[in-house]
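Structure data follow from run.cif (mmCIF, C-alpha atoms and all ligand atoms):
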```
data_my_file
#
loop_
_atom_site.label_atom_id
_atom_site.label_comp_id
_atom_site.auth_asym_id
_atom_site.auth_seq_id
_atom_site.Cartn_x
_atom_site.Cartn_y
_atom_site.Cartn_z
CA MET N 1 -17.02 30.60 -5.80
CA THR N 2 -13.50 29.45 -4.88
CA TYR N 3 -12.03 25.97 -5.06
CA GLY N 4 -11.73 25.94 -1.27
CA GLU N 5 -15.49 25.75 -1.01
CA LEU N 6 -15.61 22.19 -2.33
CA ARG N 7 -16.73 20.09 0.64
CA VAL N 8 -14.78 16.82 0.71
CA ALA N 9 -15.48 14.08 3.25
CA VAL N 10 -12.84 11.36 3.46
CA VAL N 11 -13.88 8.06 5.04
CA GLY N 12 -10.77 6.41 6.54
CA GLY N 13 -7.81 8.05 8.24
CA GLY N 14 -5.23 5.52 7.04
CA ILE N 15 -2.37 6.05 4.61
CA GLY N 16 -4.66 7.04 1.74
CA GLY N 17 -7.08 9.25 3.67
CA LEU N 18 -4.39 11.31 5.39
CA THR N 19 -2.29 11.68 2.24
CA LEU N 20 -5.36 12.84 0.35
CA GLY N 21 -6.17 15.39 3.06
CA LEU N 22 -2.64 16.78 2.88
CA ALA N 23 -2.61 16.86 -0.92
CA LEU N 24 -5.98 18.66 -1.01
CA ARG N 25 -4.75 21.17 1.54
CA ARG N 26 -1.88 22.06 -0.81
CA HIS N 27 -4.57 23.02 -3.32
CA GLY N 28 -6.46 25.13 -0.76
CA ILE N 29 -9.21 22.55 -0.21
CA THR N 30 -9.99 21.56 3.35
CA ALA N 31 -11.22 17.99 3.73
CA GLU N 32 -12.79 16.41 6.77
CA VAL N 33 -11.31 12.99 7.57
CA PHE N 34 -13.46 10.45 9.43
CA GLU N 35 -11.73 7.46 11.04
CA ARG N 36 -13.52 4.66 12.85
CA THR N 37 -10.79 3.93 15.39
CA THR N 38 -10.38 6.17 18.39
CA ALA N 39 -6.58 6.44 18.02
CA LEU N 40 -4.45 6.38 14.88
CA GLY N 41 -1.45 4.10 14.50
CA GLU N 42 -1.24 0.48 13.46
CA VAL N 43 1.23 -1.50 15.52
CA GLY N 44 3.12 -4.69 14.85
CA ALA N 45 4.14 -4.30 11.22
CA ALA N 46 6.18 -2.17 8.87
CA VAL N 47 5.91 -0.90 5.35
CA THR N 48 8.30 0.03 2.56
CA LEU N 49 7.91 3.19 0.53
CA THR N 50 9.51 3.29 -2.89
CA ALA N 51 10.61 6.24 -5.03
CA ASN N 52 7.27 6.50 -6.84
CA SER N 53 5.52 7.48 -3.59
CA VAL N 54 8.41 9.09 -1.72
CA ARG N 55 8.78 11.74 -4.43
CA LEU N 56 5.07 12.59 -4.04
CA LEU N 57 5.35 12.77 -0.25
CA ASP N 58 8.44 14.94 -0.75
CA ARG N 59 6.28 17.44 -2.67
CA LEU N 60 3.91 17.47 0.31
CA GLY N 61 6.83 18.56 2.50
CA LEU N 62 7.15 15.23 4.34
CA ARG N 63 10.50 13.92 3.12
CA ARG N 64 12.61 15.07 6.09
CA ASP N 65 10.26 13.56 8.70
CA LEU N 66 9.89 10.41 6.66
CA GLU N 67 13.60 9.89 6.30
CA LYS N 68 14.08 10.50 10.03
CA ALA N 69 11.58 7.75 10.81
CA SER N 70 12.95 5.28 8.25
CA VAL N 71 15.84 3.05 7.39
CA GLU N 72 17.15 2.76 3.85
CA PRO N 73 17.97 -0.91 3.17
CA SER N 74 21.49 -1.46 1.85
CA GLU N 75 20.28 -3.51 -1.14
CA VAL N 76 17.59 -5.88 -2.37
CA VAL N 77 18.70 -9.48 -2.28
CA TYR N 78 16.90 -12.57 -3.58
CA ARG N 79 17.88 -15.96 -2.19
CA GLY N 80 16.80 -19.57 -2.43
CA TRP N 81 15.51 -21.47 0.56
CA ARG N 82 18.04 -24.12 1.51
CA ASP N 83 21.29 -22.22 1.69
CA ASP N 84 22.44 -18.64 2.00
CA GLY N 85 23.62 -18.23 -1.61
CA ARG N 86 22.51 -15.05 -3.41
CA ILE N 87 20.45 -15.40 -6.57
CA ALA N 88 20.31 -11.70 -7.42
CA ALA N 89 21.00 -8.35 -5.79
CA TYR N 90 20.52 -4.68 -6.52
CA PRO N 91 22.00 -1.81 -4.45
CA ILE N 92 19.61 0.60 -2.69
CA GLY N 93 21.29 2.62 0.06
CA ARG N 94 24.77 1.37 -0.79
CA GLY N 95 26.46 4.19 -2.70
CA ASP N 96 23.09 5.96 -3.01
CA ALA N 97 22.61 3.89 -6.18
CA TYR N 98 18.84 3.75 -5.97
CA ARG N 99 18.41 7.49 -5.20
CA HIS N 100 20.57 8.35 -8.17
CA ARG N 101 18.61 6.09 -10.48
CA PHE N 102 15.08 6.90 -9.27
CA GLY N 103 15.41 10.38 -7.78
CA ALA N 104 14.13 9.44 -4.32
CA PRO N 105 14.97 6.85 -1.66
CA TRP N 106 13.46 3.42 -0.94
CA LEU N 107 12.56 3.43 2.76
CA GLY N 108 11.43 0.94 5.36
CA LEU N 109 9.55 2.14 8.41
CA HIS N 110 7.17 1.08 11.10
CA ARG N 111 3.56 1.62 10.10
CA ALA N 112 2.86 3.54 13.28
CA ALA N 113 5.75 5.86 12.36
CA LEU N 114 4.28 6.50 8.91
CA GLN N 115 0.89 7.23 10.49
CA GLN N 116 2.64 9.64 12.88
CA VAL N 117 4.34 11.52 10.06
CA LEU N 118 1.07 11.81 8.14
CA SER N 119 -1.18 12.59 11.09
CA GLY N 120 1.39 14.99 12.60
CA ALA N 121 1.29 16.99 9.37
CA TRP N 122 -2.50 16.76 9.14
CA GLY N 123 -3.21 17.83 12.73
CA THR N 124 -6.38 17.23 14.69
CA GLU N 125 -8.70 20.04 13.60
CA HIS N 126 -10.12 18.19 10.60
CA LEU N 127 -9.61 14.65 11.87
CA HIS N 128 -12.67 13.00 13.43
CA LEU N 129 -11.78 9.86 15.36
CA GLY N 130 -14.28 7.25 16.51
CA ARG N 131 -16.54 7.97 13.52
CA GLU N 132 -17.40 4.77 11.66
CA ALA N 133 -19.21 5.40 8.40
CA VAL N 134 -22.13 3.02 7.94
CA ALA N 135 -24.09 4.50 5.03
CA LEU N 136 -24.13 7.16 2.33
CA VAL N 137 -27.34 8.95 1.43
CA GLY N 138 -27.61 10.92 -1.82
CA ARG N 139 -29.13 14.40 -1.60
CA ALA N 140 -30.15 16.75 -4.39
CA ASP N 141 -27.17 19.03 -3.72
CA GLY N 142 -24.69 16.71 -2.06
CA VAL N 143 -24.16 13.49 -0.19
CA CYS N 144 -24.59 12.65 3.47
CA VAL N 145 -22.31 10.25 5.34
CA GLU N 146 -24.02 8.51 8.24
CA PHE N 147 -22.00 7.23 11.17
CA ALA N 148 -22.49 4.38 13.63
CA ASP N 149 -22.83 6.84 16.53
CA GLY N 150 -25.94 8.37 14.90
CA SER N 151 -24.17 11.50 13.66
CA HIS N 152 -23.93 12.52 10.00
CA HIS N 153 -21.94 14.84 7.76
CA ASP N 154 -22.91 16.57 4.50
CA ALA N 155 -20.41 17.00 1.67
CA ASP N 156 -20.13 17.59 -2.06
CA VAL N 157 -18.02 14.48 -2.53
CA VAL N 158 -17.14 11.47 -0.39
CA VAL N 159 -13.87 9.61 -0.81
CA GLY N 160 -13.77 5.99 0.29
CA ALA N 161 -10.28 5.57 1.73
CA ASP N 162 -11.58 2.90 4.07
CA GLY N 163 -9.36 0.02 3.08
CA VAL N 164 -9.79 -3.52 1.87
CA HIS N 165 -13.20 -4.06 3.53
CA SER N 166 -14.54 -0.69 2.39
CA VAL N 167 -18.08 0.34 3.27
CA VAL N 168 -18.03 3.11 0.66
CA ARG N 169 -17.18 0.54 -2.05
CA SER N 170 -20.42 -1.33 -1.40
CA TRP N 171 -22.24 1.95 -2.15
CA VAL N 172 -20.21 2.60 -5.30
CA THR N 173 -20.41 -0.83 -6.94
CA GLU N 174 -22.00 -4.25 -6.58
CA GLU N 175 -18.94 -5.94 -8.05
CA GLN N 176 -17.27 -8.68 -6.06
CA PRO N 177 -15.29 -7.46 -3.04
CA PRO N 178 -11.66 -8.59 -2.54
CA ARG N 179 -11.31 -12.32 -2.13
CA TYR N 180 -8.95 -14.43 -0.11
CA SER N 181 -5.95 -15.33 -2.27
CA GLY N 182 -5.31 -18.80 -0.83
CA THR N 183 -2.10 -17.50 0.75
CA SER N 184 -1.54 -16.07 4.21
CA GLY N 185 1.21 -14.34 6.14
CA PHE N 186 2.83 -14.25 9.55
CA ARG N 187 4.50 -11.06 10.71
CA GLY N 188 7.15 -10.29 13.27
CA ILE N 189 9.67 -7.67 14.40
CA VAL N 190 12.92 -9.06 15.81
CA PRO N 191 16.00 -7.28 17.22
CA ILE N 192 18.87 -7.61 14.73
CA SER N 193 21.06 -8.79 17.60
CA ALA N 194 18.83 -11.88 18.02
CA VAL N 195 19.80 -13.26 14.60
CA PRO N 196 23.61 -13.02 14.35
CA SER N 197 23.67 -15.77 11.70
CA LEU N 198 21.41 -13.88 9.27
CA PRO N 199 23.42 -12.82 6.22
CA ASP N 200 23.12 -9.14 5.19
CA PRO N 201 20.66 -8.08 7.90
CA ASP N 202 20.75 -4.50 6.54
CA ALA N 203 19.31 -5.60 3.21
CA LEU N 204 15.74 -6.07 2.07
CA GLN N 205 15.69 -9.76 1.30
CA LEU N 206 13.35 -12.26 -0.26
CA TRP N 207 13.93 -15.95 0.33
CA MET N 208 11.97 -18.12 -2.09
CA GLY N 209 11.06 -21.78 -1.76
CA PRO N 210 8.38 -24.37 -2.42
CA GLY N 211 5.01 -23.10 -1.21
CA ALA N 212 6.38 -20.17 0.81
CA HIS N 213 8.60 -17.11 0.84
CA LEU N 214 10.03 -14.82 3.45
CA LEU N 215 10.53 -11.06 3.12
CA HIS N 216 12.49 -9.06 5.68
CA TYR N 217 14.06 -5.63 5.97
CA PRO N 218 15.60 -3.47 8.71
CA ILE N 219 13.76 -0.81 10.70
CA HIS N 220 15.91 0.96 13.32
CA GLY N 221 17.84 -1.89 14.97
CA MET N 222 15.05 -4.37 14.28
CA ILE N 223 14.16 -6.68 11.43
CA ASN N 224 10.60 -6.69 10.18
CA PHE N 225 9.53 -9.94 8.53
CA LEU N 226 6.57 -11.16 6.57
CA ALA N 227 6.50 -14.92 6.00
CA VAL N 228 3.97 -15.92 3.35
CA VAL N 229 2.76 -19.48 2.96
CA ASP N 230 0.33 -21.28 0.65
CA GLY N 231 -2.98 -22.00 2.39
CA PRO N 232 -5.21 -22.53 4.08
CA THR N 233 -7.42 -23.29 1.09
CA THR N 234 -10.42 -21.53 2.61
CA TRP N 235 -10.14 -18.71 5.10
CA PRO N 236 -11.35 -19.88 8.51
CA SER N 237 -12.29 -16.54 10.08
CA PRO N 238 -14.81 -13.73 9.46
CA THR N 239 -11.97 -11.22 9.94
CA GLY N 240 -8.62 -10.80 8.20
CA THR N 241 -6.69 -12.58 10.94
CA ALA N 242 -6.95 -16.06 12.45
CA GLN N 243 -5.05 -18.04 15.04
CA ALA N 244 -2.70 -20.68 13.65
CA ASP N 245 -1.68 -23.85 15.47
CA PRO N 246 1.39 -23.42 17.67
CA GLY N 247 4.57 -24.14 15.71
CA GLU N 248 2.83 -23.90 12.35
CA LEU N 249 5.04 -21.12 11.03
CA ALA N 250 8.25 -22.96 11.92
CA ALA N 251 6.83 -26.17 10.38
CA HIS N 252 6.27 -24.38 7.06
CA PHE N 253 9.94 -23.40 6.97
CA ALA N 254 11.43 -26.70 8.17
CA GLY N 255 14.49 -27.52 6.06
CA TRP N 256 15.06 -23.85 5.06
CA SER N 257 18.28 -22.04 5.93
CA PRO N 258 18.85 -22.32 9.72
CA ALA N 259 19.30 -18.53 9.96
CA LEU N 260 15.68 -18.12 8.87
CA LEU N 261 14.36 -20.47 11.49
CA THR N 262 16.24 -18.44 14.12
CA LEU N 263 14.57 -15.29 12.78
CA LEU N 264 11.07 -16.77 12.63
CA THR N 265 11.20 -18.28 16.10
CA ALA N 266 12.84 -15.30 17.83
CA VAL N 267 9.38 -13.86 18.63
CA PRO N 268 6.08 -15.57 19.51
CA GLN N 269 4.20 -16.73 16.41
CA SER N 270 1.81 -14.02 15.22
CA ASP N 271 -1.74 -14.56 14.11
CA ARG N 272 -2.10 -15.63 10.52
CA TRP N 273 -3.05 -12.77 8.16
CA ALA N 274 -5.23 -13.45 5.15
CA LEU N 275 -3.83 -11.95 1.95
CA PHE N 276 -6.60 -10.52 -0.19
CA THR N 277 -6.70 -9.63 -3.84
CA GLN N 278 -9.29 -7.78 -5.88
CA LEU N 279 -10.43 -8.51 -9.40
CA PRO N 280 -10.07 -5.15 -11.16
CA LEU N 281 -13.18 -3.07 -10.46
CA GLN N 282 -15.01 -1.63 -13.46
CA THR N 283 -16.47 1.14 -11.32
CA TRP N 284 -14.44 3.35 -8.99
CA SER N 285 -17.00 6.10 -8.54
CA GLN N 286 -20.73 6.51 -8.35
CA ASP N 287 -22.59 9.77 -8.19
CA ARG N 288 -20.66 11.76 -5.56
CA ALA N 289 -18.52 8.95 -4.11
CA VAL N 290 -15.10 7.76 -5.29
CA LEU N 291 -12.61 5.16 -4.08
CA ILE N 292 -8.87 5.25 -3.47
CA GLY N 293 -6.29 2.76 -2.21
CA ASP N 294 -7.21 -0.72 -1.06
CA ALA N 295 -10.91 0.16 -1.35
CA ALA N 296 -10.38 0.47 -5.13
CA HIS N 297 -7.64 -2.05 -5.87
CA ALA N 298 -6.54 -4.27 -2.97
CA MET N 299 -3.48 -6.17 -4.11
CA LEU N 300 -1.08 -8.80 -2.86
CA PRO N 301 1.94 -7.27 -1.11
CA HIS N 302 4.59 -8.94 -3.31
CA HIS N 303 5.73 -5.77 -5.06
CA GLY N 304 5.36 -3.87 -1.74
CA GLN N 305 3.05 -1.49 -3.58
CA GLY N 306 -0.32 -1.36 -1.79
CA ALA N 307 0.55 1.74 0.21
CA ASN N 308 2.65 3.22 -2.58
CA GLN N 309 -0.19 2.94 -5.09
CA THR N 310 -2.57 4.36 -2.50
CA ILE N 311 -0.35 7.43 -2.12
CA GLU N 312 -0.26 7.83 -5.91
CA ASP N 313 -4.08 7.65 -5.98
CA ALA N 314 -4.44 10.26 -3.23
CA VAL N 315 -2.17 12.80 -4.89
CA VAL N 316 -3.73 12.35 -8.33
CA LEU N 317 -7.29 12.58 -6.99
CA ALA N 318 -6.38 15.80 -5.17
CA ASP N 319 -4.93 17.23 -8.39
CA CYS N 320 -8.13 16.31 -10.25
CA LEU N 321 -10.45 17.77 -7.61
CA ALA N 322 -8.40 20.98 -7.64
CA THR N 323 -9.25 21.59 -11.30
CA ILE N 324 -13.04 21.59 -10.91
CA ARG N 325 -15.78 23.71 -9.42
CA ARG N 326 -18.54 22.42 -7.17
CA GLY N 327 -20.93 20.27 -9.16
CA GLN N 328 -18.21 19.16 -11.60
CA HIS N 329 -17.10 16.17 -9.53
CA ALA N 330 -17.97 13.71 -12.33
CA THR N 331 -15.29 15.37 -14.49
CA ALA N 332 -12.73 15.09 -11.71
CA PHE N 333 -13.59 11.44 -11.04
CA HIS N 334 -13.35 10.63 -14.75
CA ARG N 335 -9.89 12.21 -15.03
CA TYR N 336 -8.75 10.48 -11.86
CA GLU N 337 -9.87 7.06 -13.09
CA LEU N 338 -8.25 7.68 -16.45
CA ARG N 339 -4.96 8.37 -14.74
CA ARG N 340 -5.08 5.54 -12.22
CA ARG N 341 -6.94 2.49 -13.45
CA ALA N 342 -4.52 1.07 -16.00
CA ARG N 343 -1.54 1.67 -13.77
CA THR N 344 -3.02 0.00 -10.67
CA ARG N 345 -4.32 -2.90 -12.75
CA LEU N 346 -0.83 -3.64 -14.00
CA VAL N 347 0.63 -3.56 -10.51
CA GLN N 348 -2.24 -5.69 -9.16
CA ARG N 349 -1.77 -8.26 -11.92
CA SER N 350 1.98 -8.37 -11.56
CA SER N 351 1.71 -8.79 -7.77
CA LEU N 352 -0.62 -11.75 -8.32
CA ASP N 353 1.74 -13.35 -10.84
CA LYS N 354 4.64 -12.83 -8.48
CA SER N 355 2.86 -14.77 -5.74
CA ALA N 356 3.16 -18.03 -7.68
CA LEU N 357 6.69 -17.25 -8.87
CA LEU N 358 7.96 -16.74 -5.33
CA HIS N 359 6.62 -20.15 -4.26
CA LEU N 360 7.95 -22.33 -7.09
CA PRO N 361 9.54 -25.68 -6.22
CA ASP N 362 13.08 -26.26 -7.44
CA GLY N 363 13.09 -27.06 -11.16
CA PRO N 364 13.21 -25.47 -14.60
CA GLU N 365 10.56 -22.82 -13.81
CA ALA N 366 12.45 -21.70 -10.71
CA THR N 367 15.66 -21.60 -12.74
CA ALA N 368 13.98 -19.39 -15.39
CA ARG N 369 12.65 -17.10 -12.64
CA ASN N 370 16.11 -16.82 -11.11
CA THR N 371 17.61 -15.91 -14.49
CA ALA N 372 15.00 -13.16 -14.99
CA LEU N 373 15.78 -11.82 -11.52
CA LEU N 374 19.35 -11.11 -12.54
CA ASP N 375 18.05 -7.92 -14.15
CA LEU N 376 16.48 -6.65 -10.94
CA GLU N 377 16.53 -3.02 -12.01
CA LYS N 378 14.27 -3.85 -14.94
CA GLN N 379 11.94 -5.74 -12.61
CA VAL N 380 11.28 -2.67 -10.45
CA ALA N 381 11.91 0.27 -12.79
CA TRP N 382 8.45 0.29 -14.43
CA ILE N 383 6.90 0.71 -10.98
CA HIS N 384 9.42 2.91 -9.19
CA GLU N 385 10.29 5.46 -11.88
CA HIS N 386 6.64 6.35 -12.52
CA ASP N 387 5.74 9.93 -11.59
CA ALA N 388 1.97 9.93 -11.11
CA GLN N 389 1.82 13.74 -11.36
CA GLN N 390 3.54 13.97 -14.72
CA PRO N 391 1.20 14.15 -17.73
CA SER N 392 3.54 11.76 -19.55
CA ALA N 393 2.76 9.15 -16.89
CA HIS N 394 -0.81 8.81 -18.10
CA GLY N 395 -0.86 10.25 -21.57
CA GLU N 396 -3.23 13.07 -20.66
CA ARG N 397 -2.50 16.77 -20.25
CA LEU N 398 -4.84 18.30 -17.73
CA PRO N 399 -6.19 21.80 -18.29
CA ALA N 400 -4.98 24.45 -15.86
CA PRO N 401 -7.58 25.56 -13.27
CA SER N 402 -9.67 28.45 -14.63
C1 LIG N 501 1.14 -8.13 5.29
C2 LIG N 501 1.08 -6.88 4.47
C3 LIG N 501 2.26 -6.20 4.17
C4 LIG N 501 2.21 -5.02 3.38
N1 LIG N 501 3.38 -4.40 3.08
C5 LIG N 501 3.35 -3.31 2.26
C6 LIG N 501 4.56 -2.63 1.87
O1 LIG N 501 5.67 -2.98 2.27
N2 LIG N 501 4.46 -1.57 1.02
C7 LIG N 501 3.24 -1.13 0.56
O2 LIG N 501 3.21 -0.17 -0.23
N3 LIG N 501 2.09 -1.73 0.94
C8 LIG N 501 2.11 -2.80 1.76
N4 LIG N 501 0.94 -3.40 2.13
C9 LIG N 501 -0.33 -2.85 1.66
C10 LIG N 501 -0.75 -1.60 2.43
O3 LIG N 501 -0.78 -1.86 3.80
C11 LIG N 501 -2.14 -1.14 1.98
O4 LIG N 501 -2.23 -1.19 0.59
C12 LIG N 501 -2.41 0.30 2.45
O5 LIG N 501 -2.42 0.36 3.86
C13 LIG N 501 -3.74 0.79 1.88
O6 LIG N 501 -4.03 2.08 2.40
P1 LIG N 501 -5.53 2.56 2.56
O7 LIG N 501 -5.48 3.95 3.08
O8 LIG N 501 -6.28 2.26 1.31
O9 LIG N 501 -6.14 1.59 3.65
P2 LIG N 501 -5.73 1.42 5.17
O10 LIG N 501 -4.33 1.81 5.41
O11 LIG N 501 -6.18 0.05 5.54
O12 LIG N 501 -6.64 2.50 5.91
C14 LIG N 501 -8.05 2.40 5.95
C15 LIG N 501 -8.52 3.20 7.15
O13 LIG N 501 -9.93 3.30 7.10
C16 LIG N 501 -10.47 3.06 8.38
N5 LIG N 501 -11.84 2.60 8.17
C17 LIG N 501 -12.24 1.39 7.68
N6 LIG N 501 -13.57 1.35 7.60
C18 LIG N 501 -14.03 2.55 8.04
C19 LIG N 501 -15.34 3.11 8.20
N7 LIG N 501 -16.45 2.42 7.88
N8 LIG N 501 -15.46 4.38 8.67
C20 LIG N 501 -14.35 5.11 9.00
N9 LIG N 501 -13.08 4.61 8.89
C21 LIG N 501 -12.94 3.35 8.40
C22 LIG N 501 -9.54 2.02 8.98
O14 LIG N 501 -9.63 2.00 10.39
C23 LIG N 501 -8.19 2.53 8.48
O15 LIG N 501 -7.62 3.48 9.35
C24 LIG N 501 0.97 -4.55 2.91
C25 LIG N 501 -0.21 -5.23 3.24
C26 LIG N 501 -0.16 -6.38 4.00
C27 LIG N 501 -1.45 -7.12 4.31
#
```
Could you express the structure from this file as structure tokens?
Amino acid sequence: MTYGELRVAVVGGGIGGLTLGLALRRHGITAEVFERTTALGEVGAAVTLTANSVRLLDRLGLRRDLEKASVEPSEVVYRGWRDDGRIAAYPIGRGDAYRHRFGAPWLGLHRAALQQVLSGAWGTEHLHLGREAVALVGRADGVCVEFADGSHHDADVVVGADGVHSVVRSWVTEEQPPRYSGTSGFRGIVPISAVPSLPDPDALQLWMGPGAHLLHYPIHGMINFLAVVDGPTTWPSPTGTAQADPGELAAHFAGWSPALLTLLTAVPQSDRWALFTQLPLQTWSQDRAVLIGDAAHAMLPHHGQGANQTIEDAVVLADCLATIRRGQHATAFHRYELRRRARTRLVQRSSLDKSALLHLPDGPEATARNTALLDLEKQVAWIHEHDAQQPSAHGERLPAPS
């Protein structure tokens, strides 16, 4: 029996599902990826990839395509809300400082471009579009995924890479699903030329103020922004997006630096996006099913780590599955959880804490936060220098495949 005979079904063809497929392929395991949408590619928003995931994608042979599709911000800059003064800054692309320190770049790119890089490498042969998983059925010698179109697929293991509202998670655990965080975001992509008054448009910047913050970074001649505000207290919609009243976004940022208002009003106001967070799950796997990415540990986006942690999960799970034979999936899942749970918990927790810090009113707490930000390298190093494939990253040395 060879390792390639392990039958892996991946539910979800997003960032996690495609990365997992590619990482398994490197180990000689062919997965089948099932995606509910009929075409891949999320539009209307961007994502940043930091060194901890870029170095893993590099090992999958994707670095050149990724860098072609991305922009490296000049630096990270934190600012207050009323004026354009800098609170703290750390160089990224400028002088290659970040690459030298962390061994890989920090990149910003359109989500659709990331999907293209991943799906281009994955190809179409083992990608099944328009297949929405609705149930898992345990069998004596495997597991069966049932789809909304009445079809089904048998596998040895099923990976739930189906995002924040995961169907596979409800099969794995009865623990509480992600909950609305009480904060929501508006997104937009604006030509740089439309905001001539914006200081340092080539930087990744966070503007912090009472009850709100604004993140923006460049992506090929455009600026991608995410404006996060406190509220509404309860989420008004059964889905993750809801319409906001006209002018609501601008009203939240009234009195902030005029350059920001120009940025926020340069495009029509987007829908409001609920930001979800997950209490750490005790159970990531059950029988033959296991979770990765947002399905396992949805987190607030304030460290920009949801996708990055998902990529770490995918690569580590592939490594763990590559060391077992059919029927030994419980061992692989155990090793995977050992290597991923503590790490993702810390990032989840820190992202939650950061939410409140970014929205502090002026006062002593905001002053203390600003002082801590002066050592920006320390703030990011524990996340970005982590190499999820190094035994030292998780204190466990895995046995070589036998
Ligand atoms: C506003 C915002 C900004 C963010 N910015 C960043 C950032 O800068 N950096 C970062 O690292 N992270 C960021 N994130 C987080 C990041 O987007 C997620 O953590 C990441 O996409 C998770 O990947 P995933 O593969 O687990 O899920 P997803 O990317 O959501 O993919 C899940 C896939 O599963 C499919 N699917 C769902 N249900 C089924 C089903 N039943 N059957 C078949 N297919 C199914 C979906 O269609 C989708 O394609 C941000 C999130 C938000 C909300």
Between CA of Leu260 in chain N and CA of His216 in chain N - distance in Å to one decimal: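 About the pair CA of His216 in chain N and CA of Leu260 in chain N: they are 10.1 Å apart.
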Env. residues ligand LIG 501 (chain N) / 6 Å / all atoms listed in the file / as a count of residues only: 34
Neighbour residues at most 12 Å from (13.4, 7.3, 13.1) (all atoms listed in the file) as a ChimeraX atom specification: /N:64-72,107-114,116-117,218-222
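Residues in contact range of Pro258 in chain N, defined as at most 12 Å between all atoms listed in the file, with sequence neighbours fewer than 6 positions away removed, read Trp81, Arg82, Asp83, Asp84, Val195, Pro196, Ser197, Leu198, Pro199, Ala250, Leu264 and Thr265 of chain N.
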Interface rows for range 166-271 of chain N against range 361-364 of chain N: nearest pair, Å to one decimal, 12 Å, all atoms listed in the file, as a tab-separated table:
```
residue	atom	partner	partner_atom	distance
N:Met208	CA	N:Pro361	CA	9.0
N:Gly209	CA	N:Pro361	CA	6.1
N:Pro210	CA	N:Pro361	CA	4.2
N:Gly211	CA	N:Pro361	CA	7.2
N:Ala212	CA	N:Pro361	CA	9.5
N:His213	CA	N:Pro361	CA	11.1
```
So which residues touch Ser184 in chain N within 8 Å, counting all atoms listed in the file, skipping near sequence neighbours fewer than 3 positions away, as an mmCIF file with C-alpha atoms, in the frame of the given file?
```cif
data_model
loop_
_atom_site.group_PDB
_atom_site.id
_atom_site.type_symbol
_atom_site.label_atom_id
_atom_site.label_comp_id
_atom_site.auth_asym_id
_atom_site.auth_seq_id
_atom_site.Cartn_x
_atom_site.Cartn_y
_atom_site.Cartn_z
ATOM 1 C CA SER N 181 -5.950 -15.330 -2.270
ATOM 2 C CA VAL N 228 3.970 -15.920 3.350
ATOM 3 C CA VAL N 229 2.760 -19.480 2.960
ATOM 4 C CA ASP N 230 0.330 -21.280 0.650
ATOM 5 C CA GLY N 231 -2.980 -22.000 2.390
ATOM 6 C CA PRO N 232 -5.210 -22.530 4.080
ATOM 7 C CA ARG N 272 -2.100 -15.630 10.520
ATOM 8 C CA TRP N 273 -3.050 -12.770 8.160
ATOM 9 C CA ALA N 274 -5.230 -13.450 5.150
ATOM 10 C CA LEU N 275 -3.830 -11.950 1.950
#
```
Long-range neighbours of Arg369 in chain N as a PyMOL selection string, 12 Å cut-off, all atoms listed in the file, 2 positions minimum in chain: chain N and resi 78-80+87-88+208-209+353-354+356-367+371-376+379
Straight-line distance linking CA of Gly85 in chain N with CA of Pro73 in chain N, stated in Å to one decimal: 18.8 Å
Neighbour residues at most 12 Å from (-13.6, -17.0, 7.5) (all atoms listed in the file) as a ChimeraX atom specification: /N:179-180,182,232-243,272-274
Can you tell me, as a PDB file with C-alpha atoms, keeping the file's coordinate frame, what residues are no more than 9 Å from Thr277 in chain N when counting only C-alpha atoms, ignoring any on the same chain fewer than 5 positions away?
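selection_6.pdb, written as the output of this step:
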```
ATOM      1  CA  VAL N 164      -9.790  -3.520   1.870  1.00  0.00           C
ATOM      2  CA  PRO N 177     -15.290  -7.460  -3.040  1.00  0.00           C
ATOM      3  CA  PRO N 178     -11.660  -8.590  -2.540  1.00  0.00           C
ATOM      4  CA  ARG N 179     -11.310 -12.320  -2.130  1.00  0.00           C
ATOM      5  CA  TYR N 180      -8.950 -14.430  -0.110  1.00  0.00           C
ATOM      6  CA  SER N 181      -5.950 -15.330  -2.270  1.00  0.00           C
ATOM      7  CA  HIS N 297      -7.640  -2.050  -5.870  1.00  0.00           C
ATOM      8  CA  ALA N 298      -6.540  -4.270  -2.970  1.00  0.00           C
ATOM      9  CA  MET N 299      -3.480  -6.170  -4.110  1.00  0.00           C
ATOM     10  CA  LEU N 300      -1.080  -8.800  -2.860  1.00  0.00           C
ATOM     11  CA  GLN N 348      -2.240  -5.690  -9.160  1.00  0.00           C
ATOM     12  CA  LEU N 352      -0.620 -11.750  -8.320  1.00  0.00           C
TER      13      LEU N 352
END
```
Residue among N:Arg345, N:Ser257, N:Thr283, N:Tyr336 lying closest to Ile324 in chain N, counting only C-alpha atoms: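 Counting only C-alpha atoms, the residue closest to Ile324 in chain N is N:Tyr336.
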Length of the CA of Pro201 in chain N to CA of Leu249 in chain N vector [Å]: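 A separation of 20.6 Å between them.
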Distance query Trp382 in chain N at most 12 Å, only C-alpha atoms, self and fewer than 6 positions along chain excluded, as a list of chain:residue names: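 Near Trp382 in chain N, the qualifying residues are N:Thr50, N:Ala51, N:Asn52, N:Phe102, N:His303, N:Arg343, N:Leu346, N:Val347, N:Ser350, N:Leu376, N:Ala393.
Shortest separation to Thr19 in chain N among N:Ala135, N:Val143, N:Ala314, N:Ile189 occurs at residue N:Ala314, atoms counted being all atoms listed in the file.
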Nearest to Gln309 in chain N, chosen from N:Asp387, N:Glu146, N:Glu32, N:Asp96, with all atoms listed in the file counted in the distances: N:Asp387
